[in-house]
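Peer 1: Contents of protein_38.txt (compact mmCIF, C-alpha atoms (C1' of nucleotides)) are given next:
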# COMPACT_ATOMS: atom_id res chain seq x y z
CA MET A 10 0.00 0.00 0.00
CA ALA A 11 2.43 2.56 -1.20
CA VAL A 12 1.69 6.06 -0.01
CA ASP A 13 0.39 8.41 -2.65
CA ARG A 14 3.38 10.69 -2.73
CA ASP A 15 1.73 13.18 -5.02
CA HIS A 16 -1.29 13.44 -2.74
CA VAL A 17 0.98 14.07 0.23
CA LEU A 18 2.77 16.84 -1.65
CA ARG A 19 -0.46 18.54 -2.66
CA SER A 20 -1.89 18.33 0.83
CA ALA A 21 1.32 19.78 2.20
CA ALA A 22 1.24 22.54 -0.38
CA ALA A 23 -2.34 23.43 0.50
CA LEU A 24 -1.59 23.50 4.21
CA LEU A 25 1.73 25.30 4.01
CA THR A 26 0.22 27.95 1.78
CA ARG A 27 -2.20 28.79 4.55
CA LYS A 28 0.25 28.26 7.42
CA ALA A 29 3.88 28.36 6.40
CA THR A 30 5.04 27.36 9.89
CA ALA A 31 3.00 24.17 10.08
CA THR A 32 4.82 21.34 11.80
CA MET A 33 5.63 17.99 10.27
CA ASP A 34 2.89 16.51 12.42
CA GLU A 35 0.31 18.90 11.02
CA VAL A 36 1.49 18.21 7.50
CA ALA A 37 1.15 14.49 8.11
CA LYS A 38 -2.34 14.83 9.58
CA ALA A 39 -3.40 17.01 6.67
CA ALA A 40 -2.30 14.27 4.28
CA GLY A 41 -4.03 11.62 6.37
CA ILE A 42 -0.86 9.73 7.22
CA SER A 43 1.28 9.37 10.31
CA ARG A 44 4.34 11.40 11.03
CA ALA A 45 6.46 8.27 10.75
CA THR A 46 5.28 7.59 7.23
CA LEU A 47 5.82 11.19 6.27
CA HIS A 48 9.39 10.88 7.47
CA ARG A 49 9.81 7.69 5.46
CA GLN A 50 8.80 9.60 2.34
CA PHE A 51 10.72 12.79 3.01
CA ALA A 52 13.86 12.68 5.09
CA GLY A 53 12.94 15.92 6.84
CA ARG A 54 11.23 19.20 6.58
CA ASP A 55 13.89 20.51 4.26
CA ALA A 56 13.47 17.57 1.92
CA LEU A 57 9.72 18.14 1.90
CA VAL A 58 10.10 21.77 0.94
CA ARG A 59 12.59 20.84 -1.74
CA ALA A 60 10.16 18.31 -3.13
CA LEU A 61 7.46 20.97 -3.16
CA GLU A 62 9.86 23.24 -4.99
CA SER A 63 10.49 20.57 -7.59
CA LEU A 64 6.77 20.02 -7.96
CA GLY A 65 6.19 23.71 -8.40
CA ILE A 66 8.90 23.94 -11.02
CA ALA A 67 7.54 20.93 -12.84
CA GLU A 68 4.04 22.40 -12.91
CA CYS A 69 5.38 25.71 -14.15
CA VAL A 70 7.31 24.02 -16.93
CA ALA A 71 4.26 21.97 -17.87
CA ALA A 72 2.15 25.13 -17.94
CA LEU A 73 4.74 26.90 -20.06
CA ASP A 74 4.77 24.03 -22.51
CA ALA A 75 1.00 23.83 -22.62
CA ALA A 76 0.62 27.57 -23.13
CA ASP A 77 2.58 27.48 -26.37
CA LEU A 78 4.10 30.90 -25.73
CA ASP A 79 5.68 31.33 -29.15
CA ASN A 80 2.46 31.27 -31.12
CA GLY A 81 -0.06 34.03 -31.65
CA SER A 82 -0.04 37.41 -29.96
CA ALA A 83 1.93 37.87 -26.79
CA SER A 84 -1.23 38.97 -25.02
CA ASP A 85 -2.99 35.73 -25.85
CA ALA A 86 0.07 33.80 -24.80
CA VAL A 87 -0.03 35.52 -21.42
CA ARG A 88 -3.71 34.65 -21.10
CA ARG A 89 -3.02 31.01 -21.90
CA LEU A 90 -0.10 30.96 -19.49
CA VAL A 91 -2.14 32.31 -16.57
CA ARG A 92 -4.89 29.87 -17.40
CA ALA A 93 -2.49 26.95 -17.47
CA ILE A 94 -0.67 27.94 -14.32
CA GLU A 95 -3.76 28.73 -12.30
CA PRO A 96 -4.14 25.30 -10.66
CA ALA A 97 -0.64 25.64 -9.27
CA ALA A 98 -1.13 29.21 -8.05
CA GLY A 99 -1.48 28.22 -4.41
CA LEU A 100 1.68 26.18 -4.45
CA LEU A 101 3.56 28.93 -6.23
CA ALA A 102 2.32 31.50 -3.74
CA PHE A 103 3.82 29.41 -0.97
CA LEU A 104 7.12 28.92 -2.76
CA TYR A 105 7.21 32.60 -3.69
CA THR A 106 7.44 33.60 -0.05
CA GLU A 107 9.62 30.71 1.06
CA ASN A 108 12.73 32.80 0.66
CA GLN A 109 14.55 30.18 2.64
CA LEU A 110 15.00 28.54 -0.74
CA TYR A 111 16.64 31.71 -1.81
CA GLU A 112 18.85 31.90 1.28
CA GLY A 113 21.60 29.41 0.66
CA GLU A 114 22.25 31.21 -2.63
CA GLU A 115 21.83 27.83 -4.22
CA ILE A 116 18.79 28.78 -6.24
CA ASN A 117 17.28 25.92 -8.14
CA PRO A 118 18.24 26.53 -11.78
CA GLY A 119 14.72 25.56 -12.74
CA TRP A 120 13.46 28.93 -11.56
CA THR A 121 15.85 30.92 -13.68
CA ALA A 122 14.89 28.83 -16.70
CA ILE A 123 11.22 29.58 -16.02
CA ASP A 124 11.93 33.25 -15.49
CA ASP A 125 13.84 33.34 -18.75
CA ARG A 126 11.01 31.80 -20.72
CA ILE A 127 8.43 34.19 -19.31
CA ALA A 128 10.73 37.17 -19.71
CA ALA A 129 11.30 36.10 -23.33
CA LEU A 130 7.55 36.19 -23.87
CA PHE A 131 7.32 39.74 -22.58
CA ARG A 132 10.32 40.71 -24.67
CA ARG A 133 8.66 39.26 -27.73
CA GLY A 134 5.62 41.35 -27.00
CA GLN A 135 7.77 44.43 -26.67
CA LEU A 136 9.64 43.83 -29.91
CA GLY A 137 6.35 43.26 -31.67
CA GLY A 138 5.08 46.63 -30.47
CA GLU A 139 2.42 44.95 -28.39
CA PHE A 140 3.82 45.71 -24.92
CA ARG A 141 5.24 48.94 -23.62
CA ILE A 142 8.99 49.07 -23.40
CA ASP A 143 9.46 51.18 -20.28
CA LEU A 144 8.81 48.19 -18.04
CA THR A 145 11.54 45.57 -18.15
CA PRO A 146 10.68 41.96 -18.94
CA ALA A 147 12.24 40.99 -15.61
CA TRP A 148 9.84 43.27 -13.75
CA LEU A 149 6.84 42.08 -15.73
CA THR A 150 7.81 38.51 -14.88
CA GLU A 151 8.19 39.31 -11.22
CA ALA A 152 4.92 41.21 -11.25
CA LEU A 153 3.16 38.25 -12.83
CA PHE A 154 4.25 36.02 -9.98
CA GLY A 155 3.41 38.67 -7.41
CA LEU A 156 -0.07 39.18 -8.81
CA MET A 157 -0.68 35.44 -8.95
CA ALA A 158 0.34 35.14 -5.31
CA SER A 159 -1.92 38.04 -4.35
CA GLY A 160 -4.75 36.55 -6.32
CA ALA A 161 -4.26 33.14 -4.76
CA TRP A 162 -4.33 34.58 -1.24
CA MET A 163 -7.38 36.63 -2.04
CA VAL A 164 -9.20 33.56 -3.24
CA GLN A 165 -8.06 31.49 -0.28
CA SER A 166 -9.19 34.14 2.18
CA GLY A 167 -12.57 34.21 0.52
CA LYS A 168 -12.27 37.85 -0.47
CA GLY A 169 -12.31 36.91 -4.13
CA ALA A 170 -14.05 34.30 -6.23
CA PRO A 171 -11.96 31.57 -7.89
CA ARG A 172 -13.80 32.18 -11.16
CA ASP A 173 -12.49 35.75 -11.23
CA PHE A 174 -8.87 34.73 -10.68
CA HIS A 175 -7.88 34.67 -14.33
CA HIS A 176 -9.53 37.95 -15.21
CA MET A 177 -8.11 39.69 -12.17
CA ILE A 178 -4.55 38.73 -13.01
CA VAL A 179 -4.67 39.15 -16.77
CA GLY A 180 -6.87 42.20 -16.71
CA LEU A 181 -4.58 44.11 -14.41
CA LEU A 182 -1.29 42.82 -15.76
CA LEU A 183 -2.08 43.60 -19.36
CA GLY A 184 -4.49 46.51 -19.13
CA GLY A 185 -3.79 48.21 -15.84
CA ALA A 186 -6.34 50.08 -13.79
CA LEU A 187 -6.85 52.99 -16.16
CA ARG A 188 -9.91 52.96 -18.29
CA ARG A 189 -9.35 52.99 -22.02
CA GLU A 190 -11.36 54.89 -24.56
CA GLU A 191 -11.10 52.20 -27.20
CA SER A 192 -10.57 48.59 -26.26
CA MET B 28 21.59 55.23 27.47
CA ALA B 29 18.15 54.31 26.34
CA VAL B 30 18.04 51.97 23.38
CA ASP B 31 16.84 53.53 20.15
CA ARG B 32 13.62 51.59 19.91
CA ASP B 33 12.84 52.86 16.45
CA HIS B 34 16.25 51.82 15.19
CA VAL B 35 15.75 48.35 16.61
CA LEU B 36 12.39 48.05 14.87
CA ARG B 37 13.78 49.15 11.52
CA SER B 38 16.75 46.81 11.78
CA ALA B 39 14.40 43.97 12.66
CA ALA B 40 12.15 44.83 9.73
CA ALA B 41 15.07 44.85 7.31
CA LEU B 42 16.35 41.51 8.58
CA LEU B 43 13.00 39.78 8.85
CA THR B 44 12.08 40.89 5.36
CA ARG B 45 15.06 38.96 4.07
CA LYS B 46 14.79 36.08 6.51
CA ALA B 47 11.41 35.71 8.12
CA THR B 48 12.63 32.91 10.42
CA ALA B 49 15.47 34.92 11.95
CA THR B 50 15.93 34.21 15.65
CA MET B 51 15.75 36.80 18.39
CA ASP B 52 19.52 36.53 18.66
CA GLU B 53 19.96 37.41 15.00
CA VAL B 54 17.51 40.28 15.32
CA ALA B 55 19.45 41.58 18.30
CA LYS B 56 22.79 41.34 16.52
CA ALA B 57 21.35 43.07 13.46
CA ALA B 58 20.31 45.96 15.69
CA GLY B 59 23.66 46.00 17.42
CA ILE B 60 22.29 45.16 20.83
CA SER B 61 22.30 42.08 23.03
CA ARG B 62 19.52 39.56 23.18
CA ALA B 63 18.86 40.54 26.80
CA THR B 64 18.26 44.15 25.85
CA LEU B 65 16.03 43.11 22.99
CA HIS B 66 13.95 41.14 25.45
CA ARG B 67 13.78 44.14 27.75
CA GLN B 68 12.30 46.18 24.92
CA PHE B 69 9.96 43.54 23.54
CA ALA B 70 8.58 40.88 25.82
CA GLY B 71 9.01 38.21 23.15
CA ARG B 72 9.05 37.46 19.52
CA ASP B 73 5.34 37.92 19.28
CA ALA B 74 5.51 41.34 20.87
CA LEU B 75 8.24 42.29 18.41
CA VAL B 76 6.15 41.28 15.43
CA ARG B 77 3.16 43.12 16.86
CA ALA B 78 5.29 46.22 17.29
CA LEU B 79 6.41 45.90 13.68
CA GLU B 80 2.80 45.59 12.66
CA SER B 81 1.91 48.74 14.55
CA LEU B 82 4.83 50.52 12.95
CA GLY B 83 3.74 49.41 9.51
CA ILE B 84 0.19 50.53 10.13
CA ALA B 85 1.37 53.87 11.44
CA GLU B 86 3.55 54.42 8.39
CA CYS B 87 0.72 53.47 6.08
CA VAL B 88 -1.64 55.87 7.79
CA ALA B 89 0.98 58.61 7.65
CA ALA B 90 1.49 57.94 3.95
CA LEU B 91 -2.25 57.98 3.34
CA ASP B 92 -2.55 61.29 5.11
CA ALA B 93 0.41 62.77 3.29
CA ALA B 94 -0.84 61.60 -0.10
CA ASP B 95 -4.01 63.65 0.19
CA LEU B 96 -6.05 61.03 -1.65
CA ASP B 97 -9.19 63.11 -2.01
CA ASN B 98 -7.67 65.84 -4.12
CA GLY B 99 -6.90 65.85 -7.81
CA SER B 100 -7.23 62.93 -10.17
CA ALA B 101 -7.29 59.43 -8.74
CA SER B 102 -4.27 58.53 -10.85
CA ASP B 103 -2.22 61.31 -9.32
CA ALA B 104 -3.42 60.29 -5.90
CA VAL B 105 -2.17 56.76 -6.53
CA ARG B 106 1.18 58.15 -7.64
CA ARG B 107 1.47 60.25 -4.51
CA LEU B 108 0.45 57.30 -2.36
CA VAL B 109 3.09 54.99 -3.80
CA ARG B 110 5.66 57.74 -3.45
CA ALA B 111 4.75 58.30 0.16
CA ILE B 112 4.60 54.65 1.08
CA GLU B 113 7.80 53.68 -0.70
CA PRO B 114 10.12 54.05 2.33
CA ALA B 115 7.99 51.53 4.20
CA ALA B 116 7.77 49.07 1.31
CA GLY B 117 10.28 46.65 2.82
CA LEU B 118 8.47 46.54 6.12
CA LEU B 119 5.12 46.12 4.41
CA ALA B 120 6.49 43.30 2.26
CA PHE B 121 7.43 41.46 5.43
CA LEU B 122 4.09 42.06 7.11
CA TYR B 123 2.28 41.11 3.92
CA THR B 124 3.62 37.59 4.10
CA GLU B 125 3.50 37.28 7.87
CA ASN B 126 0.09 35.67 7.63
CA GLN B 127 0.64 34.48 11.15
CA LEU B 128 -0.90 37.82 12.05
CA TYR B 129 -3.86 36.73 10.05
CA GLU B 130 -4.02 33.33 11.73
CA GLY B 131 -5.55 34.10 15.09
CA GLU B 132 -8.40 35.79 13.20
CA GLU B 133 -7.70 38.81 15.35
CA ILE B 134 -6.73 41.06 12.49
CA ASN B 135 -5.55 44.43 13.58
CA PRO B 136 -8.40 46.81 12.69
CA GLY B 137 -5.81 49.24 11.41
CA TRP B 138 -5.38 47.13 8.28
CA THR B 139 -9.03 47.15 7.37
CA ALA B 140 -9.12 50.90 7.86
CA ILE B 141 -6.15 51.25 5.50
CA ASP B 142 -7.71 48.88 2.99
CA ASP B 143 -10.90 50.86 3.11
CA ARG B 144 -9.18 54.15 2.43
CA ILE B 145 -7.24 52.78 -0.53
CA ALA B 146 -10.29 50.95 -1.88
CA ALA B 147 -12.23 54.19 -1.58
CA LEU B 148 -9.60 55.87 -3.74
CA PHE B 149 -9.98 53.27 -6.45
CA ARG B 150 -13.74 53.50 -6.20
CA ARG B 151 -13.53 57.26 -6.61
CA GLY B 152 -11.49 56.71 -9.75
CA GLN B 153 -14.08 54.31 -11.06
CA LEU B 154 -17.01 56.59 -10.37
CA GLY B 155 -15.15 59.42 -12.05
CA GLY B 156 -14.68 57.33 -15.17
CA GLU B 157 -10.93 57.28 -14.70
CA PHE B 158 -10.49 53.63 -13.74
CA ARG B 159 -12.04 50.58 -15.32
CA ILE B 160 -14.92 49.07 -13.44
CA ASP B 161 -14.39 45.38 -14.18
CA LEU B 162 -11.69 45.14 -11.49
CA THR B 163 -12.99 45.50 -7.96
CA PRO B 164 -11.49 48.11 -5.64
CA ALA B 165 -10.66 45.29 -3.24
CA TRP B 166 -8.60 43.53 -5.88
CA LEU B 167 -6.87 46.72 -6.95
CA THR B 168 -5.97 47.35 -3.33
CA GLU B 169 -4.65 43.84 -2.90
CA ALA B 170 -2.73 44.11 -6.14
CA LEU B 171 -1.17 47.37 -5.02
CA PHE B 172 0.22 45.70 -1.92
CA GLY B 173 1.31 42.67 -3.91
CA LEU B 174 3.12 44.75 -6.47
CA MET B 175 4.81 46.79 -3.76
CA ALA B 176 6.00 43.61 -2.11
CA SER B 177 7.28 42.26 -5.42
CA GLY B 178 9.01 45.53 -6.14
CA ALA B 179 10.58 45.65 -2.70
CA TRP B 180 11.94 42.13 -3.07
CA MET B 181 13.24 42.89 -6.53
CA VAL B 182 15.10 45.91 -5.23
CA GLN B 183 16.43 44.02 -2.22
CA SER B 184 17.70 41.19 -4.37
CA GLY B 185 19.50 43.66 -6.59
CA LYS B 186 17.48 42.71 -9.65
CA GLY B 187 15.94 46.15 -9.80
CA ALA B 188 17.11 49.68 -9.08
CA PRO B 189 15.54 51.56 -6.18
CA ARG B 190 15.09 54.59 -8.45
CA ASP B 191 12.80 52.55 -10.69
CA PHE B 192 10.59 51.34 -7.86
CA HIS B 193 7.95 54.02 -8.16
CA HIS B 194 7.66 53.81 -11.93
CA MET B 195 7.52 50.01 -11.89
CA ILE B 196 4.63 49.95 -9.47
CA VAL B 197 2.62 52.86 -10.78
CA GLY B 198 3.35 52.17 -14.42
CA LEU B 199 2.08 48.61 -14.22
CA LEU B 200 -0.75 49.18 -11.78
CA LEU B 201 -2.26 52.05 -13.72
CA GLY B 202 -1.27 51.36 -17.29
CA GLY B 203 -0.67 47.65 -17.53
CA ALA B 204 1.73 45.97 -19.88
CA LEU B 205 -0.10 46.74 -23.09
CA ARG B 206 1.22 49.56 -25.19
CA ARG B 207 -1.15 52.43 -25.85
CA GLU B 208 -1.56 54.29 -29.09
CA GLU B 209 -2.13 57.62 -27.47
CA SER B 210 -0.38 58.75 -24.31
C1' DC C 19 33.60 60.25 44.52
C1' DG C 20 29.58 57.32 45.01
C1' DC C 21 25.26 56.01 43.28
C1' DA C 22 21.86 54.41 40.12
C1' DC C 23 20.58 52.95 35.81
C1' DG C 24 20.98 50.53 31.58
C1' DT C 25 23.52 47.37 29.06
C1' DG C 26 26.32 43.09 27.60
C1' DA C 27 27.49 38.55 28.46
C1' DG C 28 26.54 34.32 29.93
C1' DA C 29 24.11 30.55 32.49
C1' DC C 30 19.97 28.11 33.11
C1' DA C 31 15.70 25.55 32.56
C1' DG C 32 11.69 24.88 29.71
C1' DC C 33 9.49 23.92 25.54
C1' DG C 34 8.37 22.51 21.04
C1' DA C 35 9.80 20.37 16.97
C1' DT C 36 12.63 17.14 14.96
C1' DG C 37 14.59 12.72 13.72
C1' DT C 38 15.05 7.87 14.97
C1' DC C 39 13.64 3.94 16.97
C1' DT C 40 10.57 -0.16 18.27
C1' DC C 41 6.47 -2.75 18.05
C1' DA C 42 1.83 -4.13 16.86
C1' DT C 43 -1.31 -4.15 13.11
C1' DT C 44 -2.94 -4.53 8.52
C1' DC C 45 -3.07 -6.00 3.94
C1' DA C 46 -1.53 -8.13 -0.45
C1' DG C 47 0.39 -12.02 -2.57
C1' DG C 48 2.29 -16.72 -2.72
C1' DC D 5 -2.76 -20.06 5.89
C1' DC D 6 1.73 -17.96 5.93
C1' DT D 7 4.91 -14.43 4.94
C1' DG D 8 6.66 -10.01 4.07
C1' DA D 9 6.19 -5.27 3.27
C1' DA D 10 4.23 -1.02 4.70
C1' DT D 11 1.83 1.61 7.94
C1' DG D 12 0.26 3.80 12.53
C1' DA D 13 1.18 4.71 17.10
C1' DG D 14 4.05 5.89 20.42
C1' DA D 15 8.52 6.29 23.07
C1' DC D 16 12.84 8.44 23.16
C1' DA D 17 16.88 11.45 22.86
C1' DT D 18 18.39 15.54 20.80
C1' DC D 19 18.57 20.12 19.20
C1' DG D 20 17.56 24.95 18.71
C1' DC D 21 15.07 28.73 20.36
C1' DT D 22 12.96 31.03 23.98
C1' DG D 23 12.35 33.46 28.26
C1' DT D 24 14.38 34.55 32.66
C1' DC D 25 17.91 35.12 35.67
C1' DT D 26 22.39 36.84 37.64
C1' DC D 27 26.47 39.45 37.57
C1' DA D 28 29.98 42.65 35.96
C1' DC D 29 30.87 46.71 33.50
C1' DG D 30 30.44 51.46 31.99
C1' DT D 31 28.35 55.78 31.91
C1' DG D 32 25.73 59.77 33.41
C1' DC D 33 24.42 62.35 37.32
C1' DG D 34 24.15 64.24 41.89
Just give me the structure of the file as structure tokens.

Peer 2:
Amino acid sequence: MAVDRDHVLRSAAALLTRKATATMDEVAKAAGISRATLHRQFAGRDALVRALESLGIAECVAALDAADLDNGSASDAVRRLVRAIEPAAGLLAFLYTENQLYEGEEINPGWTAIDDRIAALFRRGQLGGEFRIDLTPAWLTEALFGLMASGAWMVQSGKGAPRDFHHMIVGLLLGGALRREES
Amino acid sequence: MAVDRDHVLRSAAALLTRKATATMDEVAKAAGISRATLHRQFAGRDALVRALESLGIAECVAALDAADLDNGSASDAVRRLVRAIEPAAGLLAFLYTENQLYEGEEINPGWTAIDDRIAALFRRGQLGGEFRIDLTPAWLTEALFGLMASGAWMVQSGKGAPRDFHHMIVGLLLGGALRREES
DNA sequence: CGCACGTGAGACAGCGATGTCTCATTCAGG
DNA sequence: CCTGAATGAGACATCGCTGTCTCACGTGCG
């Protein structure tokens, strides 16, 4: 009766997103297993967080692949990307604030690869005259993650509806708050 | 030789923003005082975080007052607000992720008051036809905090210049990534 | 000078979380 | 039925942080 490792990771992600300081015991209970079994799967808390990081990276890469960023307008590519990455938003929101990963200056190269792909999308939009050029691709990438984290927290706290998540992120990221005459 | 309480708080904010799990000993060393003195000033870690929260609220309120949100266009009011709140961005970024404050469901009423004032600004911009109405004031408020946190982290990590902070936040929040024909 | 106050340094116990262990139980497969 | 693998439950030692204490030192002040 092998433990469903993926289920454990997702339960941990859901719990840690709400309470980043949850103990191993709480994580185990949330996954419906004992602390002993949790330790058999993940050598320690650090290993668990690393596994969550790997899961988050994998989901990001999968979303990037699925979004097909090189085709069509950059705006549509952003919309597809947010749509594809939405299920992982909670996990990413947790990882986004877990700067402990960032501490040991041994950043997982997966993140930089993801950042590069998203930044390349924004750069493509800029070169095509679609996006403004006074905001750097690096900032737009960072802002995308920040907005997704904000959106995820807003949904989790009940202050926003899950169905509005995509429009909130994309609407603000692409269009901003100012009203447009045309559009 | 009374300890400079404000200096201790700002040192703690700067450290905790980078490393949210810093120990009391690290906080004390960062402030240049001993752990004993730190404990004399703040009864415990919880009291320290609460003091930081009060400081953050106070700085937000001061910024809101200084920004004079009710005068002029809503866009200009947002610009003034971000300008005024910028010095406290690092502290706010820390508090924004310290959802432990949010845990005990005893949210400091100061935050809701601040949220209300900022949301009222966005609502004023919507009623005046300046801001789009398909994004709720609550979301715009949340996004403002999220973008400020992202911007603060970007500056702290060296990936962005402090001089660009204001333009990054305001430019994206108001205008979005899409290029405009006019303007 | 002498006193009082605040500080730094260190010792100390307490606590919670961690990581490892053992043992009984359960379940699948031979 | 028997066996083995995996799990749950709990005991256990350990570690790091916390909170409190004591004591010595230095500085400002009367």

Peer 1: Using only C-alpha atoms (C1' of nucleotides), give me every residue within 12 Å of (34.2, 42.8, 36.0) in file coordinates, as a list in words.

Peer 2: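 Nearby residues: DG26 and DA27 of chain C; DC27, DA28, DC29 and DG30 of chain D.
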
Peer 1: Determine, using all atoms listed in the file, which residues of chain C have any atom at most 10 Å from an atom of chain A, and tabulate each with its shortest atom pair and distance in Å to one decimal place, rows ordered by chain and then rising number, as CSV.

Peer 2:
residue,atom,partner,partner_atom,distance
C:DG34,C1',A:Thr32,CA,10.0
C:DA35,C1',A:Thr32,CA,7.2
C:DT36,C1',A:Gly53,CA,8.2
C:DG37,C1',A:Gly53,CA,7.8
C:DT38,C1',A:Ala45,CA,9.6
C:DC45,C1',A:Met10,CA,7.8
C:DA46,C1',A:Met10,CA,8.3

Peer 1: Kindly provide the residues of chain A that approach chain D to within 12 Å, each paired with its closest atom pair and their distance in Å to one decimal, based on only C-alpha atoms (C1' of nucleotides), listed by chain and increasing number, as a tab-separated table.

Peer 2:
residue	atom	partner	partner_atom	distance
A:Met10	CA	D:DA10	C1'	6.4
A:Ala11	CA	D:DA10	C1'	7.1
A:Val12	CA	D:DA10	C1'	8.9
A:Ala37	CA	D:DG12	C1'	11.6
A:Lys38	CA	D:DG12	C1'	11.7
A:Gly41	CA	D:DG12	C1'	10.8
A:Ile42	CA	D:DG12	C1'	8.0
A:Ser43	CA	D:DG12	C1'	6.1
A:Arg44	CA	D:DG12	C1'	8.8
A:Ala45	CA	D:DG12	C1'	7.8
A:Thr46	CA	D:DT11	C1'	6.9
A:Leu47	CA	D:DT11	C1'	10.5
A:His48	CA	D:DT11	C1'	12.0
A:Arg49	CA	D:DT11	C1'	10.3
A:Gln50	CA	D:DA10	C1'	11.8

Peer 1: Within 6 Å of chain A, which residues of chain B are there when counting all atoms listed in the file? Please give them as a PDB file with C-alpha atoms, in the coordinates of the input.

Peer 2:
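Result file follows (part_2.pdb):
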ATOM      1  CA  GLU B 157     -10.930  57.280 -14.700  1.00  0.00           C
ATOM      2  CA  PHE B 158     -10.490  53.630 -13.740  1.00  0.00           C
ATOM      3  CA  ARG B 159     -12.040  50.580 -15.320  1.00  0.00           C
ATOM      4  CA  GLY B 173       1.310  42.670  -3.910  1.00  0.00           C
ATOM      5  CA  SER B 177       7.280  42.260  -5.420  1.00  0.00           C
ATOM      6  CA  LEU B 200      -0.750  49.180 -11.780  1.00  0.00           C
ATOM      7  CA  LEU B 201      -2.260  52.050 -13.720  1.00  0.00           C
ATOM      8  CA  GLY B 202      -1.270  51.360 -17.290  1.00  0.00           C
ATOM      9  CA  GLY B 203      -0.670  47.650 -17.530  1.00  0.00           C
ATOM     10  CA  ALA B 204       1.730  45.970 -19.880  1.00  0.00           C
ATOM     11  CA  LEU B 205      -0.100  46.740 -23.090  1.00  0.00           C
ATOM     12  CA  ARG B 206       1.220  49.560 -25.190  1.00  0.00           C
TER      13      ARG B 206
END

Peer 1: For a test of reading the model, state the distance in Å between atom CA of Phe174 of chain A and atom CA of Glu68 of chain A, rounded to one decimal.

Peer 2: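 About the pair atom CA of Phe174 of chain A and atom CA of Glu68 of chain A: they are 18.0 Å apart.
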
Peer 1: So the first atom is atom CA of Glu35 of chain A and the second is atom CA of Arg59 of chain A; what is the distance between them in Å, to one decimal place?

Peer 2: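 It comes out at 17.8 Å.
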
Peer 1: Measure the distance from atom CA of Ala116 of chain B to atom CA of Ile84 of chain B in Å and round it to one decimal.

Peer 2: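 The value is 11.7 Å.
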
Peer 1: Centre and edge lengths, as JSON, for the axis-aligned box enclosing every listed atom of segment 47-65 of chain A with 6 Å of padding on each of the six sides, in Å to one decimal?

Peer 2:
{"center_x": 9.9, "center_y": 15.7, "center_z": -0.5, "size_x": 20.1, "size_y": 28.0, "size_z": 27.9}
